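**Student:** Dropping a structure here in structure tokens format, bear with me for questions.
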Amino acid sequence: MQDGDQRDSERPGRLIAGWVAALASLVVPGSGQLLSGERNRGLAILGGVIILTALVLWWPLPLLLLPIAAIWLWNVVDAYFLASGREIGLGVPIVLAALVIYVLGFNAVEFEVSRLQGVWTSIRPFVASLLDPELFTYETEDLSGLEPIQVPCVEPLPPPARNPTTEPNVIISVPCASIGDMIQVSGEGFFPEFEGELRWINPIGDIQRPLVDGVPVTFETDEEGRFAVTIAVPAAVPISQRPEEGETQTHAVRAEQHRPFGEPIPTQTLSLVIEKIGETIALAFMATVAGVIFAVPLSFLAARNLMGGNALTRGIYYVVRTIMNVVRSIETLMWAIIFAVWVGLGPFAGTLALWLHTVAALGKLYSESIESIDPGPIEALRATGANGPQTVVYAVLPQILPTFTSFTLYRWDINVRLSTVIGLVSDAGLGFLVIQWIRLNDLSSMATAIIAIVIVVAGLDFVSSWVRERIIAGRPLIATERPTLNTIFRLAGVAGFILLLVWSWRVAEIDLDELVAGAEDGLRITSAFAVPDLFDTPQEELSVSEPLPIPCGSADFESPEALDQAGDTRIELTPPCGNVGDELLITADGLPPQTNVSVRWQFPDGRFLRIERGCCMTDAQGALQLETTISPLLENLEVDPSVDTGGVGIVWEETAGRIRLSDSFETVVDLAIVTLLMALVATTLGSLFAIPLSFFAARNITGTSGLGGTIYYVFRTIFNVARSVEPLILVLVAAAWVGAGPLAGMLALALNNIPNLGKLFSETIEEIDTGPVEALTATGASRLQVLVYAIVPQLVPRFLAFILYQWDINIRMSTVIGFVGGGGIGQQFRVWVSLNQYSAAGMATWAIVAIVWTMDYLSAKAREEIV
Amino acid sequence: MLRIENLTKVFEDGTVALKDVSFDVKDGEFLVIIGLSGSGKSTLLRCINRLIEPTEGRVIWNDIDITAARGKELRRIRRQIGMIFQQFNLVRRSSVMTNVLSGRLGYANPWLSLGHRFSSADRKRAISALERVGIAEKAGNRADQLSGGQQQRVAIARALMQEPRLMLADEPVASLDPVLSHSIMQYLELLNRQDRITVICSLHFLDLVHRYATRVVGLKDGELVFDGPPNELSQARFEEVYGEEAQMVSVGGYAE
């Protein structure tokens, strides 16, 4: 946009006249530019117009065709100028295209300003509980006193239906009152100088807390154990149960105190959380160890330099690489859902998912490190006469071990993070507690679990960075002066490792039998996944039925043909009527040959019951025979032909119409667009907030002392803490704020992106080259000019690269945040899996793989271009 | 005429970079400042155009007290003083043309320039400045695609855009190899001889000093220890300025 000025340099190589180019572009956008020799520009215009139009029509938001039409017009003008040897800026079409995309984006995430209201009211409970987790409780000694009161007042007042208690004593200023009257409640004989609460008990014994100004009434006793408070008489009984005119009901007020004593005892929440911390760590440990064991051999098969030898090994290389790439681009949480179907919910499914993703991710990293080894030492050792294994031990292992180790530790960190959230979809680890407590609306327990997640992640991060530092520095983890002690430590380390492994095996509920037993299900799911139902043929459900009077003669059926909805098809029941438990032979003909049909008991109210599972297939002539007994469920069948009929029905499906794109395909395309746009809007919002904030977290802008220094540390700390909250957790909060759906997902991503990008941006700002700043200051440029000419050009490309990178991550994330209420394709995936529609779920999976790959590729290209 | 009066600079951490330095520079001189790294050469140059605030003392240029100038007035003074740097200080990702044009910012319309808009006169001036340093054909390239010597020439072109009457050069050839060093120094000499631009340049290498300077001042630990014509700067005096490291300078430095 800043280069909106026309370049007046004459462009050589004019190919066609201006009006020809303009006409061409009017017919096919971009063609005039192509004819003028501007290939990239022409293709970009053509592609842009096609993609935007397709999006707008698919959605559909026809109003957005206007800006596209404007781009079209601009393209005609552009073609004319280009052919005449002048170039006009790209500002107009870029702004218009952005307008279209963002309107679509905000539409896709169902953005409405009104939905954002009430942030504080919806988030306050979360924040409040985070500050007050439920860790310990105390045994309490309790005191309570009760005093009756009659509502409303009548003449004469009958004696109360309850007797007043005496110790401790509660006194109400009046014996009776009406709803809304202010009454004084006082008491004596309570624990001195301690708080207490009031309860209102209605005649049926329901207890509520009387409110004043919407706040529950509490009291505080003086040093002699006395108190006095004023409350309003609540409407404690529904109108229908209020007394008749002239009658009254006895309510009561109870004052109670609960004074803690003795040692604090951990709450049930705390012990559950501690148990699940163990499960979380076990999951991560088991998955990492097992992942390494599988990834190492696979990585050799996926290393180009080892497998390049002949066609066979190259083939293996490509197969292994491709499988690893596919597995890797499906998020771990998605695998967890798939494995939960296979082996059932629980830690084992979570471990399998973590393990599989680990194998693929580590396999790739390992193989890349094998590919990058220096062949020099191998050659040198061969030259000394060393044999194969010797070469591996002395020339290959020393080169790959350090990188393998650091990749493994890196993956361990990731696995710890993942195992804290994998429970959001499979019942394992801390994430399970979080989602369960959120569903039960037990926020303070949830807060305890979230705090535990932060502690586990931060703690294990610390441990692994300690180990990493030691390894990089080449120091042993534990070292003493005495060699015997070292040996003992080493043995203890190995023993500890094995113990940890055994413990993890048990905690993670590893059960290989389960894997085998579920293999059939697993295979069925996998094959359904692999073959997504892109197309389907519309099916029509056809049925015939034959009434079955029970017992004989209970109803008269004159015209069974009238029930026949499928032409020539005929059912015959032998005998035509009977009693429960009687044998029954069902024969039918005229059905489509070799077709699965469902034979069922038909109830008069339209419900039905399959007679036999897995039955039945018609023969080549379209006939069917089935022997059965009349089900006891039909005993109460009261057949009334005028209403409906009961009896035996046969239902089957027949193709009606031609093959077409399946409904689920359309849904997937729809949601894929939503997911992309959700990620785009989130990245944009995140960047818009992160850019200005990042300057407050850049040391070279704020300085390190005084007010500036304080601002710097505050922002840095906020960024670091906020970054460590998983987007999946943020979705839960956002869903409480705006309701589940793509808007919640978008907000969660944006909230995660602000600190993430803020940190990256501020580090970029800190790294800028101050030379140009100095040079331009020396030319007499103003501060603003220095900013524009010396700082912005340095920041823009790096910021853009980070934004693209974040968009990439957001797309991956947006496929899984749907699992917990973030909308988009992930939400649909989970629905389909829970409905056993694996082919549809498979298609969603392939769509995700396609999106992730395309975006990976595009953003890598774009980053190369920028940096 | 540039007059440096009792210039002292004490940094926040207590380092004394300049101690009561005074000397005059006549118009048209090619003044070379020599001294070890850390002797205060860079600080002295930066105190002249106030990139560094002096602690005490004054810098007076043609009867204007630079040290007293504020805001807009300071920027008006700065735009008449060109400066080139050891690390060239170009915006590496911007085009050569933009880098050169940015030397004109002190003259340009302060608001239009924020939109990268310059008058066609300025654009023509930029082309001719690039022609002068012999790299007009690189105008459209990104600065980081150029070699070190070319980048320093872009930096000179940027300084020329200011139509400077004084040119400060902070170790302009320290990042370049010997052949390129001479080429850059020759451009500076040309500006000095043809355009009568006063040049104040800090240098490391004795033979460059002899070849280009009309006058030399030596700094040691922030104090003025030599002031005179280059032919008075014998090897012995040179060693006095550089101390025990002089040997290394003459051996490892620029010598054939």
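Just so we're on the same page: first chain in the structure tokens is A, next is B, and so on; residues restart at 1 for each chain, and ligands are numbered from 1 in the order they show up.
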Per residue of chain A within 6 Å of chain B, record the nearest atom pair and its distance in Å to one decimal, counting only C-alpha atoms, with rows in chain order and ascending residue number, as a Markdown table.

**Tutor:**
```
| residue | atom | partner | partner_atom | distance |
| --- | --- | --- | --- | --- |
| A:Gln2 | CA | B:Gly115 | CA | 5.7 |
| A:Gly771 | CA | B:Asn89 | CA | 4.4 |
| A:Pro772 | CA | B:Asn89 | CA | 4.5 |
| A:Ala778 | CA | B:Arg78 | CA | 5.9 |
| A:Thr779 | CA | B:Arg79 | CA | 4.7 |
| A:Gly780 | CA | B:Arg75 | CA | 4.2 |
| A:Ala781 | CA | B:Gly106 | CA | 4.7 |
```

**Student:** Could you give me, as a PyMOL selection string, each residue of segment 305-529 of chain A that DSSP assigns to alpha helix (DSSP H) when run on this structure's backbone?

**Tutor:** chain A and resi 305-307+311-329+332-343+347-371+375-384+388-391+397-421+429-439+443-472+483-507+512-517+519-529

**Student:** Pick out the residues sitting within 12 Å of Val454 of chain A, and hand them over as JSON, numbers by chain; count only C-alpha atoms, and ignore anything fewer than 6 positions along from it in its own chain.

**Tutor:** {"A": [130, 277, 416, 417, 420, 421, 430, 431, 447, 448, 460, 461, 721, 722, 723, 724, 725, 726, 729]}

**Student:** Output N, CA and C atoms of each residue in that selection to a file, as a PDB file, in the first residue's frame.

**Tutor:**
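Below you can see again00.pdb, which holds the result:
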```pdb
ATOM      1  N   LEU A 130      -9.310 -20.528  41.160  1.00  0.00           N
ATOM      2  CA  LEU A 130      -7.875 -20.746  40.970  1.00  0.00           C
ATOM      3  C   LEU A 130      -7.102 -20.197  42.158  1.00  0.00           C
ATOM      4  N   ILE A 277      -1.928 -37.334  39.246  1.00  0.00           N
ATOM      5  CA  ILE A 277      -0.594 -36.841  38.889  1.00  0.00           C
ATOM      6  C   ILE A 277       0.279 -38.038  38.562  1.00  0.00           C
ATOM      7  N   VAL A 416       4.662 -35.007  28.507  1.00  0.00           N
ATOM      8  CA  VAL A 416       4.136 -34.606  29.814  1.00  0.00           C
ATOM      9  C   VAL A 416       2.977 -33.638  29.613  1.00  0.00           C
ATOM     10  N   ARG A 417       3.199 -32.623  28.747  1.00  0.00           N
ATOM     11  CA  ARG A 417       2.132 -31.660  28.484  1.00  0.00           C
ATOM     12  C   ARG A 417       0.895 -32.357  27.928  1.00  0.00           C
ATOM     13  N   THR A 420      -1.209 -34.373  30.312  1.00  0.00           N
ATOM     14  CA  THR A 420      -2.079 -33.625  31.223  1.00  0.00           C
ATOM     15  C   THR A 420      -3.411 -33.281  30.567  1.00  0.00           C
ATOM     16  N   VAL A 421      -3.430 -33.214  29.233  1.00  0.00           N
ATOM     17  CA  VAL A 421      -4.695 -32.842  28.588  1.00  0.00           C
ATOM     18  C   VAL A 421      -5.371 -34.005  27.878  1.00  0.00           C
ATOM     19  N   LEU A 430      -4.714 -35.995  34.636  1.00  0.00           N
ATOM     20  CA  LEU A 430      -5.314 -34.821  35.261  1.00  0.00           C
ATOM     21  C   LEU A 430      -6.399 -34.190  34.398  1.00  0.00           C
ATOM     22  N   GLY A 431      -6.235 -34.265  33.078  1.00  0.00           N
ATOM     23  CA  GLY A 431      -7.213 -33.651  32.189  1.00  0.00           C
ATOM     24  C   GLY A 431      -8.608 -34.228  32.418  1.00  0.00           C
ATOM     25  N   ALA A 447     -10.042 -26.189  39.880  1.00  0.00           N
ATOM     26  CA  ALA A 447      -8.889 -25.311  40.057  1.00  0.00           C
ATOM     27  C   ALA A 447      -7.719 -26.097  40.626  1.00  0.00           C
ATOM     28  N   THR A 448      -7.986 -26.978  41.585  1.00  0.00           N
ATOM     29  CA  THR A 448      -6.914 -27.783  42.153  1.00  0.00           C
ATOM     30  C   THR A 448      -6.239 -28.606  41.061  1.00  0.00           C
ATOM     31  N   LEU A 460       8.462 -30.913  35.839  1.00  0.00           N
ATOM     32  CA  LEU A 460       9.153 -31.852  34.965  1.00  0.00           C
ATOM     33  C   LEU A 460       9.974 -31.117  33.901  1.00  0.00           C
ATOM     34  N   ASP A 461       9.508 -29.936  33.495  1.00  0.00           N
ATOM     35  CA  ASP A 461      10.316 -29.088  32.613  1.00  0.00           C
ATOM     36  C   ASP A 461      11.657 -28.799  33.264  1.00  0.00           C
ATOM     37  N   VAL A 721       3.549 -16.867  32.124  1.00  0.00           N
ATOM     38  CA  VAL A 721       2.540 -17.666  32.825  1.00  0.00           C
ATOM     39  C   VAL A 721       1.391 -18.001  31.869  1.00  0.00           C
ATOM     40  N   ALA A 722       0.915 -16.971  31.141  1.00  0.00           N
ATOM     41  CA  ALA A 722      -0.250 -17.179  30.274  1.00  0.00           C
ATOM     42  C   ALA A 722       0.077 -18.167  29.159  1.00  0.00           C
ATOM     43  N   ARG A 723       1.336 -18.180  28.717  1.00  0.00           N
ATOM     44  CA  ARG A 723       1.727 -19.094  27.658  1.00  0.00           C
ATOM     45  C   ARG A 723       1.620 -20.554  28.085  1.00  0.00           C
ATOM     46  N   SER A 724       1.819 -20.789  29.379  1.00  0.00           N
ATOM     47  CA  SER A 724       1.888 -22.177  29.822  1.00  0.00           C
ATOM     48  C   SER A 724       0.505 -22.791  29.997  1.00  0.00           C
ATOM     49  N   VAL A 725      -0.554 -21.967  29.857  1.00  0.00           N
ATOM     50  CA  VAL A 725      -1.902 -22.544  29.942  1.00  0.00           C
ATOM     51  C   VAL A 725      -2.271 -23.115  28.578  1.00  0.00           C
ATOM     52  N   GLU A 726      -2.524 -24.409  28.559  1.00  0.00           N
ATOM     53  CA  GLU A 726      -2.840 -25.071  27.301  1.00  0.00           C
ATOM     54  C   GLU A 726      -4.096 -24.484  26.661  1.00  0.00           C
ATOM     55  N   ILE A 729      -7.339 -26.012  27.725  1.00  0.00           N
ATOM     56  CA  ILE A 729      -7.930 -25.575  28.991  1.00  0.00           C
ATOM     57  C   ILE A 729      -8.650 -24.251  28.766  1.00  0.00           C
TER      58      ILE A 729
END
```

**Student:** Given the choices A:Leu626, A:Met855, A:Leu787, A:Val738, which gets closest to Val113 of chain A if the distance is worked out from only C-alpha atoms?

**Tutor:**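 The closest residue to Val113 of chain A is A:Val738.
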
**Student:** For Ile4 of chain B, list every protein, DNA or RNA residue within 7 Å, evaluated using only C-alpha atoms, and leave out those in the same chain fewer than 4 positions away; present the list as a ChimeraX atom specification.

**Tutor:** /B:22-24,58-60

**Student:** DSSP on the backbone: what in segment 18-188 of chain B comes out strand (DSSP E or B), as an MDAnalysis selection string?

**Tutor:** chainID B and resid 18:25 30:34 56:61 64:65 81:84 95 142 166:170

**Student:** Could you check which of B:Arg165, B:Arg70, B:Lys41, B:Arg153 is closest to Leu2 of chain B, using only C-alpha atoms?

**Tutor:**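 Smallest separation from Leu2 of chain B among the options: B:Arg165.
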
**Student:** Skip Ile809 of chain A itself and residues of its chain fewer than 5 positions away, then list as a compact mmCIF listing (two decimals) with C-alpha atoms, in the first residue's frame all residues within 9 Å of it, counting only C-alpha atoms.

**Tutor:**
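That gives us selection-v5.txt:
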```
# COMPACT_ATOMS: atom_id res chain seq x y z
CA ALA A 679 -7.37 -20.23 13.00
CA LEU A 804 2.61 -17.58 9.82
CA SER A 814 -8.08 -25.90 15.97
```

**Student:** Show which residues sit within 7 Å of Ile330 of chain A, as number ranges by chain. Count only C-alpha atoms, and ignore same-chain residues fewer than 4 positions away.

**Tutor:** A: 326, 334, 849

**Student:** Could those selected residues go to a file with C-alpha atoms, as a short mmCIF file (atom, residue, chain, number, x, y, z; two decimals), in the first residue's frame?

**Tutor:**
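Ended up saving to result-v2.cif:
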```
data_model
loop_
_atom_site.label_atom_id
_atom_site.label_comp_id
_atom_site.auth_asym_id
_atom_site.auth_seq_id
_atom_site.Cartn_x
_atom_site.Cartn_y
_atom_site.Cartn_z
CA VAL A 326 0.42 -39.23 8.20
CA MET A 334 -7.44 -37.55 17.93
CA VAL A 849 -4.22 -34.35 7.27
#
```

**Student:** Suppose you want the space between atom CA of Arg41 of chain A and atom CA of Ala801 of chain A; what is it in Å?

**Tutor:**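 Between atom CA of Arg41 of chain A and atom CA of Ala801 of chain A the gap works out to 22.4 Å.
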